[in-house]
Every structure is written in C-alpha cells, then in structure tokens.
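Content type compact mmCIF, C-alpha atoms, from the file upload_10.txt:
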```
# COMPACT_ATOMS: atom_id res chain seq x y z
CA MET A 1 101.76 134.31 72.20
CA THR A 2 104.60 133.74 74.66
CA PRO A 3 104.74 134.69 78.37
CA ASP A 4 107.47 137.27 77.64
CA ARG A 5 105.42 138.90 74.88
CA TYR A 6 102.36 138.96 77.12
CA LYS A 7 104.31 140.64 79.92
CA LYS A 8 105.69 143.20 77.49
CA ALA A 9 102.15 143.95 76.30
CA ARG A 10 101.00 144.47 79.89
CA GLN A 11 103.86 146.89 80.45
CA VAL A 12 103.02 148.76 77.25
CA LEU A 13 99.38 149.14 78.33
CA LYS A 14 100.44 150.52 81.71
CA HIS A 15 102.14 153.38 79.86
CA ARG A 16 99.25 154.11 77.50
CA GLN A 17 98.01 157.71 77.45
CA PRO A 18 94.24 157.63 76.89
CA ASP A 19 94.09 161.43 77.32
CA LEU A 20 96.25 162.04 74.24
CA THR A 21 95.06 161.26 70.73
CA VAL A 22 95.34 162.17 67.06
CA ILE A 23 92.68 162.98 64.48
CA MET A 24 93.73 162.35 60.87
CA GLU A 25 91.55 164.36 58.52
CA ASN A 26 91.51 162.79 55.06
CA VAL A 27 95.00 161.29 55.38
CA HIS A 28 94.69 158.53 52.80
CA LYS A 29 98.16 157.66 51.55
CA PRO A 30 98.88 154.22 53.04
CA HIS A 31 102.52 154.94 53.94
CA ASN A 32 101.61 158.20 55.70
CA LEU A 33 98.74 156.60 57.58
CA ALA A 34 100.98 153.75 58.67
CA ALA A 35 103.76 156.10 59.76
CA VAL A 36 101.39 158.21 61.89
CA ILE A 37 99.99 155.09 63.56
CA ARG A 38 103.52 153.86 64.22
CA SER A 39 104.43 157.15 65.93
CA CYS A 40 101.24 157.02 68.00
CA ASP A 41 102.07 153.55 69.27
CA ALA A 42 105.64 154.62 70.03
CA VAL A 43 104.56 157.46 72.34
CA GLY A 44 101.83 155.46 74.10
CA ILE A 45 98.69 156.39 72.19
CA GLY A 46 96.36 153.41 71.90
CA GLU A 47 93.40 155.00 70.16
CA VAL A 48 93.30 157.42 67.22
CA HIS A 49 90.61 158.93 65.03
CA ALA A 50 90.35 159.25 61.26
CA ILE A 51 87.96 161.31 59.18
CA SER A 52 87.30 159.93 55.73
CA SER A 53 84.57 159.28 53.20
CA ILE A 54 86.48 156.18 52.14
CA LYS A 55 85.03 153.09 53.81
CA TYR A 56 88.29 151.17 54.15
CA PHE A 57 91.77 152.43 54.83
CA ARG A 58 94.72 150.72 53.20
CA MET A 59 97.59 150.75 55.67
CA ARG A 60 100.98 149.35 54.79
CA GLN A 61 101.79 146.93 57.58
CA LYS A 62 105.49 146.98 56.69
CA ALA A 63 105.61 150.74 57.20
CA ALA A 64 103.60 150.41 60.39
CA SER A 65 105.86 147.60 61.69
CA GLY A 66 102.76 145.85 63.01
CA SER A 67 101.64 148.81 65.14
CA GLY A 68 98.25 148.78 63.43
CA LYS A 69 97.43 145.70 65.50
CA TRP A 70 98.01 147.55 68.78
CA VAL A 71 96.36 150.89 67.97
CA ASN A 72 92.60 151.18 67.54
CA ILE A 73 91.37 153.43 64.70
CA ASN A 74 87.95 155.06 65.04
CA ILE A 75 86.62 156.19 61.66
CA HIS A 76 84.28 159.17 61.35
CA ARG A 77 82.52 160.37 58.21
CA LYS A 78 82.48 164.04 59.21
CA THR A 79 85.01 166.32 60.90
CA SER A 80 82.31 167.76 63.13
CA ASP A 81 81.41 164.30 64.45
CA ALA A 82 84.97 163.53 65.51
CA VAL A 83 85.59 166.94 67.07
CA GLN A 84 82.29 166.97 68.94
CA GLN A 85 82.83 163.46 70.32
CA LEU A 86 86.25 164.34 71.68
CA LYS A 87 85.10 167.66 73.11
CA ASN A 88 82.28 165.83 74.86
CA GLU A 89 84.94 163.57 76.39
CA GLY A 90 86.80 166.61 77.73
CA PHE A 91 89.55 166.88 75.12
CA GLY A 92 90.99 170.16 73.95
CA VAL A 93 91.14 169.92 70.15
CA TYR A 94 93.97 171.65 68.28
CA CYS A 95 94.88 171.79 64.60
CA ALA A 96 98.38 171.51 63.20
CA HIS A 97 97.86 174.69 61.21
CA PHE A 98 99.53 178.07 60.64
CA SER A 99 97.66 181.14 61.85
CA GLU A 100 98.48 184.48 63.43
CA ASP A 101 97.72 183.18 66.91
CA ALA A 102 99.15 179.66 66.46
CA ILE A 103 101.24 178.30 69.34
CA ASP A 104 104.78 177.01 68.84
CA PHE A 105 104.50 173.26 69.53
CA ARG A 106 107.39 173.50 71.99
CA GLN A 107 105.43 176.02 74.06
CA PHE A 108 102.16 174.11 74.08
CA ASP A 109 101.13 172.21 77.23
CA PHE A 110 100.77 168.60 76.09
CA THR A 111 100.10 167.37 79.62
CA GLN A 112 96.48 168.49 79.25
CA LYS A 113 93.86 166.26 77.64
CA THR A 114 94.70 166.86 73.99
CA ALA A 115 93.54 165.81 70.52
CA LEU A 116 95.70 166.90 67.59
CA ILE A 117 94.22 167.27 64.09
CA PHE A 118 96.54 166.62 61.16
CA GLY A 119 95.30 167.32 57.65
CA SER A 120 95.62 165.75 54.25
CA GLU A 121 98.90 165.47 52.40
CA LEU A 122 98.09 168.25 49.90
CA GLU A 123 95.63 170.60 51.57
CA GLY A 124 96.31 170.36 55.29
CA VAL A 125 93.43 170.68 57.76
CA SER A 126 90.11 171.95 56.47
CA ASP A 127 88.57 175.35 57.24
CA GLU A 128 85.85 173.45 59.08
CA ALA A 129 88.41 171.80 61.38
CA VAL A 130 90.08 175.15 62.08
CA GLY A 131 86.72 176.69 62.93
CA LEU A 132 85.76 173.87 65.29
CA ALA A 133 89.13 173.55 67.04
CA ASP A 134 90.18 175.28 70.25
CA GLY A 135 93.33 176.63 68.63
CA ASN A 136 96.23 175.99 66.29
CA ILE A 137 99.74 174.66 66.85
CA ILE A 138 102.68 175.15 64.48
CA ILE A 139 106.16 173.82 63.89
CA PRO A 140 108.32 176.87 63.07
CA MET A 141 110.18 176.58 59.75
CA MET A 142 112.90 178.71 58.16
CA GLY A 143 112.86 177.35 54.63
CA MET A 144 111.10 178.32 51.42
CA VAL A 145 108.51 175.55 51.88
CA GLN A 146 106.34 176.12 54.94
CA SER A 147 105.03 172.61 55.39
CA LEU A 148 106.16 169.14 56.40
CA ASN A 149 104.97 165.69 55.45
CA VAL A 150 102.07 164.79 57.73
CA SER A 151 103.93 161.81 59.22
CA VAL A 152 106.97 163.98 60.02
CA ALA A 153 104.88 166.76 61.54
CA SER A 154 102.92 164.34 63.70
CA ALA A 155 106.09 162.61 64.91
CA LEU A 156 107.67 165.93 65.96
CA MET A 157 104.61 167.03 67.93
CA LEU A 158 103.99 163.63 69.48
CA TYR A 159 107.55 163.30 70.72
CA GLU A 160 107.33 166.74 72.28
CA ALA A 161 104.17 165.50 73.99
CA GLN A 162 106.03 162.40 75.15
CA ARG A 163 108.90 164.50 76.51
CA GLN A 164 106.56 166.72 78.53
CA ARG A 165 104.49 163.83 79.83
CA GLU A 166 107.54 161.83 80.81
CA LEU A 167 108.92 164.79 82.78
CA ALA A 168 105.53 165.08 84.50
CA GLY A 169 105.60 161.39 85.46
CA MET A 170 102.47 160.63 83.46
CA TYR A 171 103.79 157.35 82.04
CA GLU A 172 104.14 155.85 85.51
CA ARG A 173 100.65 156.58 86.79
CA GLY A 174 98.85 153.60 85.27
CA ILE A 175 95.88 155.56 83.92
CA ILE A 176 94.11 152.60 82.31
CA GLU A 177 91.85 150.70 84.70
CA GLN A 178 92.58 147.01 85.31
CA ASP A 179 89.35 145.69 83.80
CA VAL A 180 89.96 147.67 80.61
CA MET A 181 93.53 146.41 80.47
CA ASP A 182 92.40 142.80 80.88
CA LYS A 183 89.84 143.23 78.08
CA VAL A 184 92.36 144.75 75.68
CA LEU A 185 94.98 142.10 76.42
CA PHE A 186 92.51 139.30 75.75
CA GLU A 187 91.46 140.87 72.44
CA TRP A 188 95.09 141.36 71.42
CA PHE A 189 96.15 137.78 72.04
CA TYR A 190 92.92 135.85 71.49
CA PRO A 191 91.06 137.83 68.78
CA ASP A 192 89.13 134.82 67.44
CA VAL A 193 87.95 133.77 70.90
CA ALA A 194 87.06 137.39 71.73
CA LYS A 195 84.99 137.64 68.55
CA TYR A 196 83.23 134.36 69.43
CA CYS A 197 82.48 135.55 72.98
CA ASN A 198 81.08 138.87 71.76
CA LYS A 199 78.91 137.15 69.17
CA HIS A 200 77.41 134.79 71.75
CA GLY A 201 77.25 137.21 74.67
CA MET A 202 79.85 135.31 76.70
CA PRO A 203 82.40 136.80 79.13
CA TYR A 204 86.07 136.52 78.29
CA PRO A 205 87.93 133.76 80.19
CA ALA A 206 90.42 135.08 82.74
CA LEU A 207 94.12 134.99 81.83
CA ASP A 208 96.87 133.90 84.18
CA GLU A 209 100.07 135.86 84.78
CA ASP A 210 101.68 134.30 81.69
CA GLY A 211 98.78 135.18 79.41
CA TYR A 212 97.24 131.72 79.15
CA MET A 213 93.53 131.14 79.71
CA ALA A 214 93.19 130.16 83.35
CA GLU A 215 89.76 128.61 82.90
CA PRO A 216 87.74 126.96 80.14
CA LEU A 217 85.40 128.96 77.93
CA LYS A 218 81.92 129.02 79.51
CA ASP A 219 78.59 130.37 78.34
CA ARG A 220 76.24 132.41 80.50
CA THR A 221 74.74 129.31 82.07
CA GLY A 222 78.16 128.00 83.08
CA ASN A 223 78.39 125.28 80.47
CA ILE A 224 81.85 124.65 79.03
CA ARG A 225 82.15 125.47 75.32
CA LYS A 226 84.78 124.43 72.81
CA LEU A 227 87.21 127.07 71.66
CA PRO A 228 86.54 128.36 68.14
```

Give the structure from this file in structure tokens form.
Amino acid sequence: MTPDRYKKARQVLKHRQPDLTVIMENVHKPHNLAAVIRSCDAVGIGEVHAISSIKYFRMRQKAASGSGKWVNINIHRKTSDAVQQLKNEGFGVYCAHFSEDAIDFRQFDFTQKTALIFGSELEGVSDEAVGLADGNIIIPMMGMVQSLNVSVASALMLYEAQRQRELAGMYERGIIEQDVMDKVLFEWFYPDVAKYCNKHGMPYPALDEDGYMAEPLKDRTGNIRKLP
C-alpha cells in the first residue's frame, strides 16, 4: 500500500455504482468469468452475482488484471434466489436474451436500478431466468451467428450503461456512504487485520488520509492488541 494507491482507491469507490450489477448464470470458463469481472470493475460495478452449483470458481487473475480483488462476487445456488434477492432490493432484472419483445440495448434506460443476467457460454440464459426477469435486452446482429461471447456481450452492454450514467452525472454523486467506503478500503488494504478483527469482534482501526492506521488495534475493552 502506498498513499497514491490509497487515494486512487478512494476515488474509484466514489465512482462506484451500487445500483448497477451483473448476474452470471452458470458462466464457468475461467477466462470468460475473469473478463466479465474486469469489465464490471472498469465501469464502476463493485459487486456482482454468480449462479452456480460449483462450489469454487476458478478465475484467471491474468485475464482479470487483478480486478477480482476489487469486485465482490456473491455466489447463489439457484437462479430464483439471486433474482428474488435483487428484486427485493429494488432492482429491475433483465436477461441478455433474444425474444419478440426484447429491447435494443442502446434504447434501454440503464440509469435505473438494473441487474443484467448473462447466461452460460453454450446455452445462454435459462428458461427459468427468462421467466423470472422483468424483460429481455438484445444486441442486434446482422451475421449468420446470432450470438456473442458472454464477455463481449457484457462489455458492450456495460459500456452503454456507463455512457448513459456518465451523461446523467451519476458517477459524480458519491452514492456510497462514507462508513461503507471506510470499511471497504480497510478490507482492501488490510485484509489480514480485517479478518482478525471480524473473528474477534473488534472494530477496524481508523485510517488517516494516506491510508495508514491512525491508531493502534484495540479490542472492545480498549486494550491494545498486536497486529496479526
């Protein structure tokens, strides 16, 4: 950690878009998973969702360029669980899927609270996802093959979302609350200490403007503890 890197991280968090997310339904190929995560980080998405029966994802860090460290992945076992959670949080859920009433992604309003579902490399989104979603969004194509690689499709839609949100001034509003930002920054730069604090029920030490701990690590009774 350096002061410059800490300040950059703070700036990145100020631009995060917590009301925009992606749901990856059975996207298992490591390079595709990594590429989607990389695009999410690039447009300011800090939290994504993945539906899979596989307990552990294998993401290629080289392909992700380290973005996996900065983007949180929530794993769900069932499509219905992920969709219901996001709907309960006020998200509109839309599938990247061709249908008669699908909306051209360039005509869709990405300034609303939106979750995009992208399907597996071979089969696309499931019938269950289509049935649960609020609608479908498509990328018009003129070729013989009417599909794109999942990482390419997600990048196109996410950058359209970024364009619309930037024009609407949404990246300058500072949506994330300060206490949440402080928590995330501490966990990014001091993961071992954060894990220790959570295990022992201790609050995170405050950080100064350069990202260094401004006070010693203390337990709930105020006693100073050694750093792990």

Using only C-alpha atoms, which of the listed residues (A:Glu160, A:Asp109, A:Glu209, A:Asp101) sits closest to Gly135 (chain A)?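 Of the candidates, the smallest distance to Gly135 (chain A) is held by A:Asp101.
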
Separation of CA of Asp41 (chain A) from CA of Ala102 (chain A), in Å and rounded to one decimal: 26.4 Å

Quick one: residues within 7 Å of Gly44 (chain A), only C-alpha atoms counted, chain neighbours fewer than 4 positions away excluded, as JSON, numbers by chain? {"A": [15, 16, 17, 40]}

Find the residue from A:Leu20, A:Tyr171, A:His76, A:His31 that sits nearest to Val93 (chain A); use only C-alpha atoms when measuring.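 Closest candidate: A:Leu20.
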
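Proximity of A:Glu187, A:Glu89, A:Glu166, A:Glu121 to Ala153 (chain A), computed with all atoms listed in the file, is greatest for A:Glu121.
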
Which residues are close to Val12 (chain A), i.e. within 12 Å by all atoms listed in the file, leaving aside same-chain residues fewer than 3 positions away? Reply as a list in words. Arg5, Tyr6, Lys7, Lys8, Ala9, His15, Arg16, Gln17, Asp41, Ala42, Val43, Gly44, Ile45, Gly46, Trp70, Val71, Tyr171, Glu172, Gly174, Ile175, Ile176, Met181, Val184 and Leu185 of chain A

Restricting the output to C-alpha atoms, write the selected residues as a compact mmCIF listing (two decimals), keeping the file's coordinate frame.
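Result saved to selection36.txt:
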```
# COMPACT_ATOMS: atom_id res chain seq x y z
CA ARG A 5 105.42 138.90 74.88
CA TYR A 6 102.36 138.96 77.12
CA LYS A 7 104.31 140.64 79.92
CA LYS A 8 105.69 143.20 77.49
CA ALA A 9 102.15 143.95 76.30
CA HIS A 15 102.14 153.38 79.86
CA ARG A 16 99.25 154.11 77.50
CA GLN A 17 98.01 157.71 77.45
CA ASP A 41 102.07 153.55 69.27
CA ALA A 42 105.64 154.62 70.03
CA VAL A 43 104.56 157.46 72.34
CA GLY A 44 101.83 155.46 74.10
CA ILE A 45 98.69 156.39 72.19
CA GLY A 46 96.36 153.41 71.90
CA TRP A 70 98.01 147.55 68.78
CA VAL A 71 96.36 150.89 67.97
CA TYR A 171 103.79 157.35 82.04
CA GLU A 172 104.14 155.85 85.51
CA GLY A 174 98.85 153.60 85.27
CA ILE A 175 95.88 155.56 83.92
CA ILE A 176 94.11 152.60 82.31
CA MET A 181 93.53 146.41 80.47
CA VAL A 184 92.36 144.75 75.68
CA LEU A 185 94.98 142.10 76.42
```

Choose the residue, out of A:Met213, A:Ala161, A:Val27, A:Ile75, that has the smallest atom-to-atom separation from Ser120 (chain A); count all atoms listed in the file.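 For Ser120 (chain A), the nearest of the candidates is A:Val27.
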
How many Å lie between CA of Lys29 (chain A) and CA of Leu156 (chain A), rounded to one decimal?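 Between these atoms lies a distance of 19.1 Å.
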
Just checking: using only C-alpha atoms, which residue out of A:Ala35, A:Leu217, A:Leu148, A:Ile137 ends up closest to Leu116 (chain A)?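 Answer, going by the shortest atom-to-atom distance: A:Ile137.
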
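Among the candidates A:Ile138, A:Ile73, A:Ile51, A:Met202, the one nearest to His97 (chain A) when counting only C-alpha atoms is A:Ile138.
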
Do you have the CA of Asn149 (chain A)-CA of Ala168 (chain A) distance handy?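 Between CA of Asn149 (chain A) and CA of Ala168 (chain A) the gap works out to 29.1 Å.
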
Can you tell me, as JSON, numbers by chain, what residues are no more than 10 Å from His49 (chain A) when counting all atoms listed in the file, ignoring any on the same chain fewer than 6 positions away? {"A": [21, 22, 23, 24, 25, 72, 73, 74, 75, 76, 82, 83, 86, 115, 116, 117]}

Dump of region 174-211 of chain A from preceding block, N, CA and C atoms, as a JSON list (two decimals), in the first residue's frame:
```
[["chain", "number", "residue", "atom", "x", "y", "z"],
["A", 174, "GLY", "N", -21.35, 10.39, -5.71],
["A", 174, "GLY", "CA", -20.88, 9.78, -4.47],
["A", 174, "GLY", "C", -21.95, 8.99, -3.76],
["A", 175, "ILE", "N", -22.46, 7.94, -4.42],
["A", 175, "ILE", "CA", -23.59, 7.18, -3.90],
["A", 175, "ILE", "C", -23.23, 6.40, -2.63],
["A", 176, "ILE", "N", -22.02, 5.87, -2.58],
["A", 176, "ILE", "CA", -21.62, 5.03, -1.44],
["A", 176, "ILE", "C", -21.42, 5.89, -0.20],
["A", 177, "GLU", "N", -22.02, 5.47, 0.91],
["A", 177, "GLU", "CA", -21.90, 6.21, 2.16],
["A", 177, "GLU", "C", -20.49, 6.09, 2.72],
["A", 178, "GLN", "N", -20.08, 7.10, 3.50],
["A", 178, "GLN", "CA", -18.70, 7.19, 3.98],
["A", 178, "GLN", "C", -18.30, 6.01, 4.84],
["A", 179, "ASP", "N", -19.20, 5.56, 5.72],
["A", 179, "ASP", "CA", -18.84, 4.44, 6.59],
["A", 179, "ASP", "C", -18.63, 3.15, 5.80],
["A", 180, "VAL", "N", -19.41, 2.98, 4.75],
["A", 180, "VAL", "CA", -19.24, 1.81, 3.88],
["A", 180, "VAL", "C", -17.92, 1.91, 3.13],
["A", 181, "MET", "N", -17.62, 3.11, 2.64],
["A", 181, "MET", "CA", -16.36, 3.32, 1.93],
["A", 181, "MET", "C", -15.16, 3.03, 2.83],
["A", 182, "ASP", "N", -15.21, 3.51, 4.06],
["A", 182, "ASP", "CA", -14.11, 3.28, 5.00],
["A", 182, "ASP", "C", -13.92, 1.79, 5.27],
["A", 183, "LYS", "N", -15.03, 1.08, 5.40],
["A", 183, "LYS", "CA", -14.96, -0.37, 5.66],
["A", 183, "LYS", "C", -14.33, -1.10, 4.48],
["A", 184, "VAL", "N", -14.77, -0.77, 3.28],
["A", 184, "VAL", "CA", -14.25, -1.43, 2.08],
["A", 184, "VAL", "C", -12.77, -1.13, 1.89],
["A", 185, "LEU", "N", -12.38, 0.11, 2.09],
["A", 185, "LEU", "CA", -10.97, 0.49, 1.95],
["A", 185, "LEU", "C", -10.09, -0.28, 2.92],
["A", 186, "PHE", "N", -10.55, -0.41, 4.16],
["A", 186, "PHE", "CA", -9.75, -1.13, 5.15],
["A", 186, "PHE", "C", -9.60, -2.60, 4.73],
["A", 187, "GLU", "N", -10.68, -3.20, 4.26],
["A", 187, "GLU", "CA", -10.63, -4.61, 3.86],
["A", 187, "GLU", "C", -9.78, -4.82, 2.61],
["A", 188, "TRP", "N", -9.74, -3.82, 1.73],
["A", 188, "TRP", "CA", -8.89, -3.91, 0.54],
["A", 188, "TRP", "C", -7.41, -3.90, 0.91],
["A", 189, "PHE", "N", -7.04, -2.99, 1.80],
["A", 189, "PHE", "CA", -5.62, -2.77, 2.06],
["A", 189, "PHE", "C", -5.08, -3.51, 3.29],
["A", 190, "TYR", "N", -5.98, -3.91, 4.18],
["A", 190, "TYR", "CA", -5.53, -4.65, 5.37],
["A", 190, "TYR", "C", -6.40, -5.90, 5.55],
["A", 191, "PRO", "N", -6.42, -6.80, 4.57],
["A", 191, "PRO", "CA", -7.32, -7.96, 4.64],
["A", 191, "PRO", "C", -7.05, -8.87, 5.83],
["A", 192, "ASP", "N", -5.78, -9.06, 6.20],
["A", 192, "ASP", "CA", -5.46, -9.93, 7.33],
["A", 192, "ASP", "C", -5.94, -9.33, 8.65],
["A", 193, "VAL", "N", -5.73, -8.02, 8.80],
["A", 193, "VAL", "CA", -6.19, -7.34, 10.02],
["A", 193, "VAL", "C", -7.72, -7.34, 10.07],
["A", 194, "ALA", "N", -8.36, -7.11, 8.92],
["A", 194, "ALA", "CA", -9.82, -7.12, 8.87],
["A", 194, "ALA", "C", -10.37, -8.48, 9.28],
["A", 195, "LYS", "N", -9.74, -9.54, 8.78],
["A", 195, "LYS", "CA", -10.18, -10.89, 9.13],
["A", 195, "LYS", "C", -10.02, -11.13, 10.64],
["A", 196, "TYR", "N", -8.92, -10.64, 11.19],
["A", 196, "TYR", "CA", -8.65, -10.79, 12.63],
["A", 196, "TYR", "C", -9.70, -10.03, 13.45],
["A", 197, "CYS", "N", -10.01, -8.81, 13.02],
["A", 197, "CYS", "CA", -11.00, -8.00, 13.73],
["A", 197, "CYS", "C", -12.38, -8.66, 13.70],
["A", 198, "ASN", "N", -12.76, -9.17, 12.54],
["A", 198, "ASN", "CA", -14.07, -9.81, 12.41],
["A", 198, "ASN", "C", -14.15, -11.08, 13.26],
["A", 199, "LYS", "N", -13.06, -11.82, 13.31],
["A", 199, "LYS", "CA", -13.04, -13.05, 14.10],
["A", 199, "LYS", "C", -13.20, -12.77, 15.58],
["A", 200, "HIS", "N", -12.59, -11.66, 16.05],
["A", 200, "HIS", "CA", -12.61, -11.35, 17.48],
["A", 200, "HIS", "C", -13.62, -10.27, 17.86],
["A", 201, "GLY", "N", -14.46, -9.88, 16.92],
["A", 201, "GLY", "CA", -15.48, -8.89, 17.21],
["A", 201, "GLY", "C", -14.93, -7.52, 17.53],
["A", 202, "MET", "N", -13.85, -7.14, 16.85],
["A", 202, "MET", "CA", -13.19, -5.85, 17.11],
["A", 202, "MET", "C", -13.46, -4.86, 15.98],
["A", 203, "PRO", "N", -13.60, -3.58, 16.28],
["A", 203, "PRO", "CA", -13.80, -2.58, 15.23],
["A", 203, "PRO", "C", -12.50, -2.37, 14.44],
["A", 204, "TYR", "N", -12.65, -1.97, 13.20],
["A", 204, "TYR", "CA", -11.47, -1.67, 12.39],
["A", 204, "TYR", "C", -10.82, -0.38, 12.89],
["A", 205, "PRO", "N", -9.49, -0.32, 12.98],
["A", 205, "PRO", "CA", -8.83, 0.94, 13.29],
["A", 205, "PRO", "C", -9.09, 1.97, 12.19],
["A", 206, "ALA", "N", -9.16, 3.23, 12.57],
["A", 206, "ALA", "CA", -9.36, 4.29, 11.58],
["A", 206, "ALA", "C", -8.10, 4.46, 10.74],
["A", 207, "LEU", "N", -8.27, 4.89, 9.49],
["A", 207, "LEU", "CA", -7.15, 5.15, 8.60],
["A", 207, "LEU", "C", -6.99, 6.65, 8.41],
["A", 208, "ASP", "N", -5.75, 7.10, 8.29],
["A", 208, "ASP", "CA", -5.53, 8.52, 8.03],
["A", 208, "ASP", "C", -5.67, 8.80, 6.54],
["A", 209, "GLU", "N", -5.44, 10.03, 6.13],
["A", 209, "GLU", "CA", -5.68, 10.43, 4.75],
["A", 209, "GLU", "C", -4.74, 9.75, 3.76],
["A", 210, "ASP", "N", -3.64, 9.17, 4.25],
["A", 210, "ASP", "CA", -2.72, 8.45, 3.39],
["A", 210, "ASP", "C", -2.94, 6.94, 3.40],
["A", 211, "GLY", "N", -3.94, 6.49, 4.18],
["A", 211, "GLY", "CA", -4.26, 5.08, 4.21],
["A", 211, "GLY", "C", -3.55, 4.29, 5.29]]
```
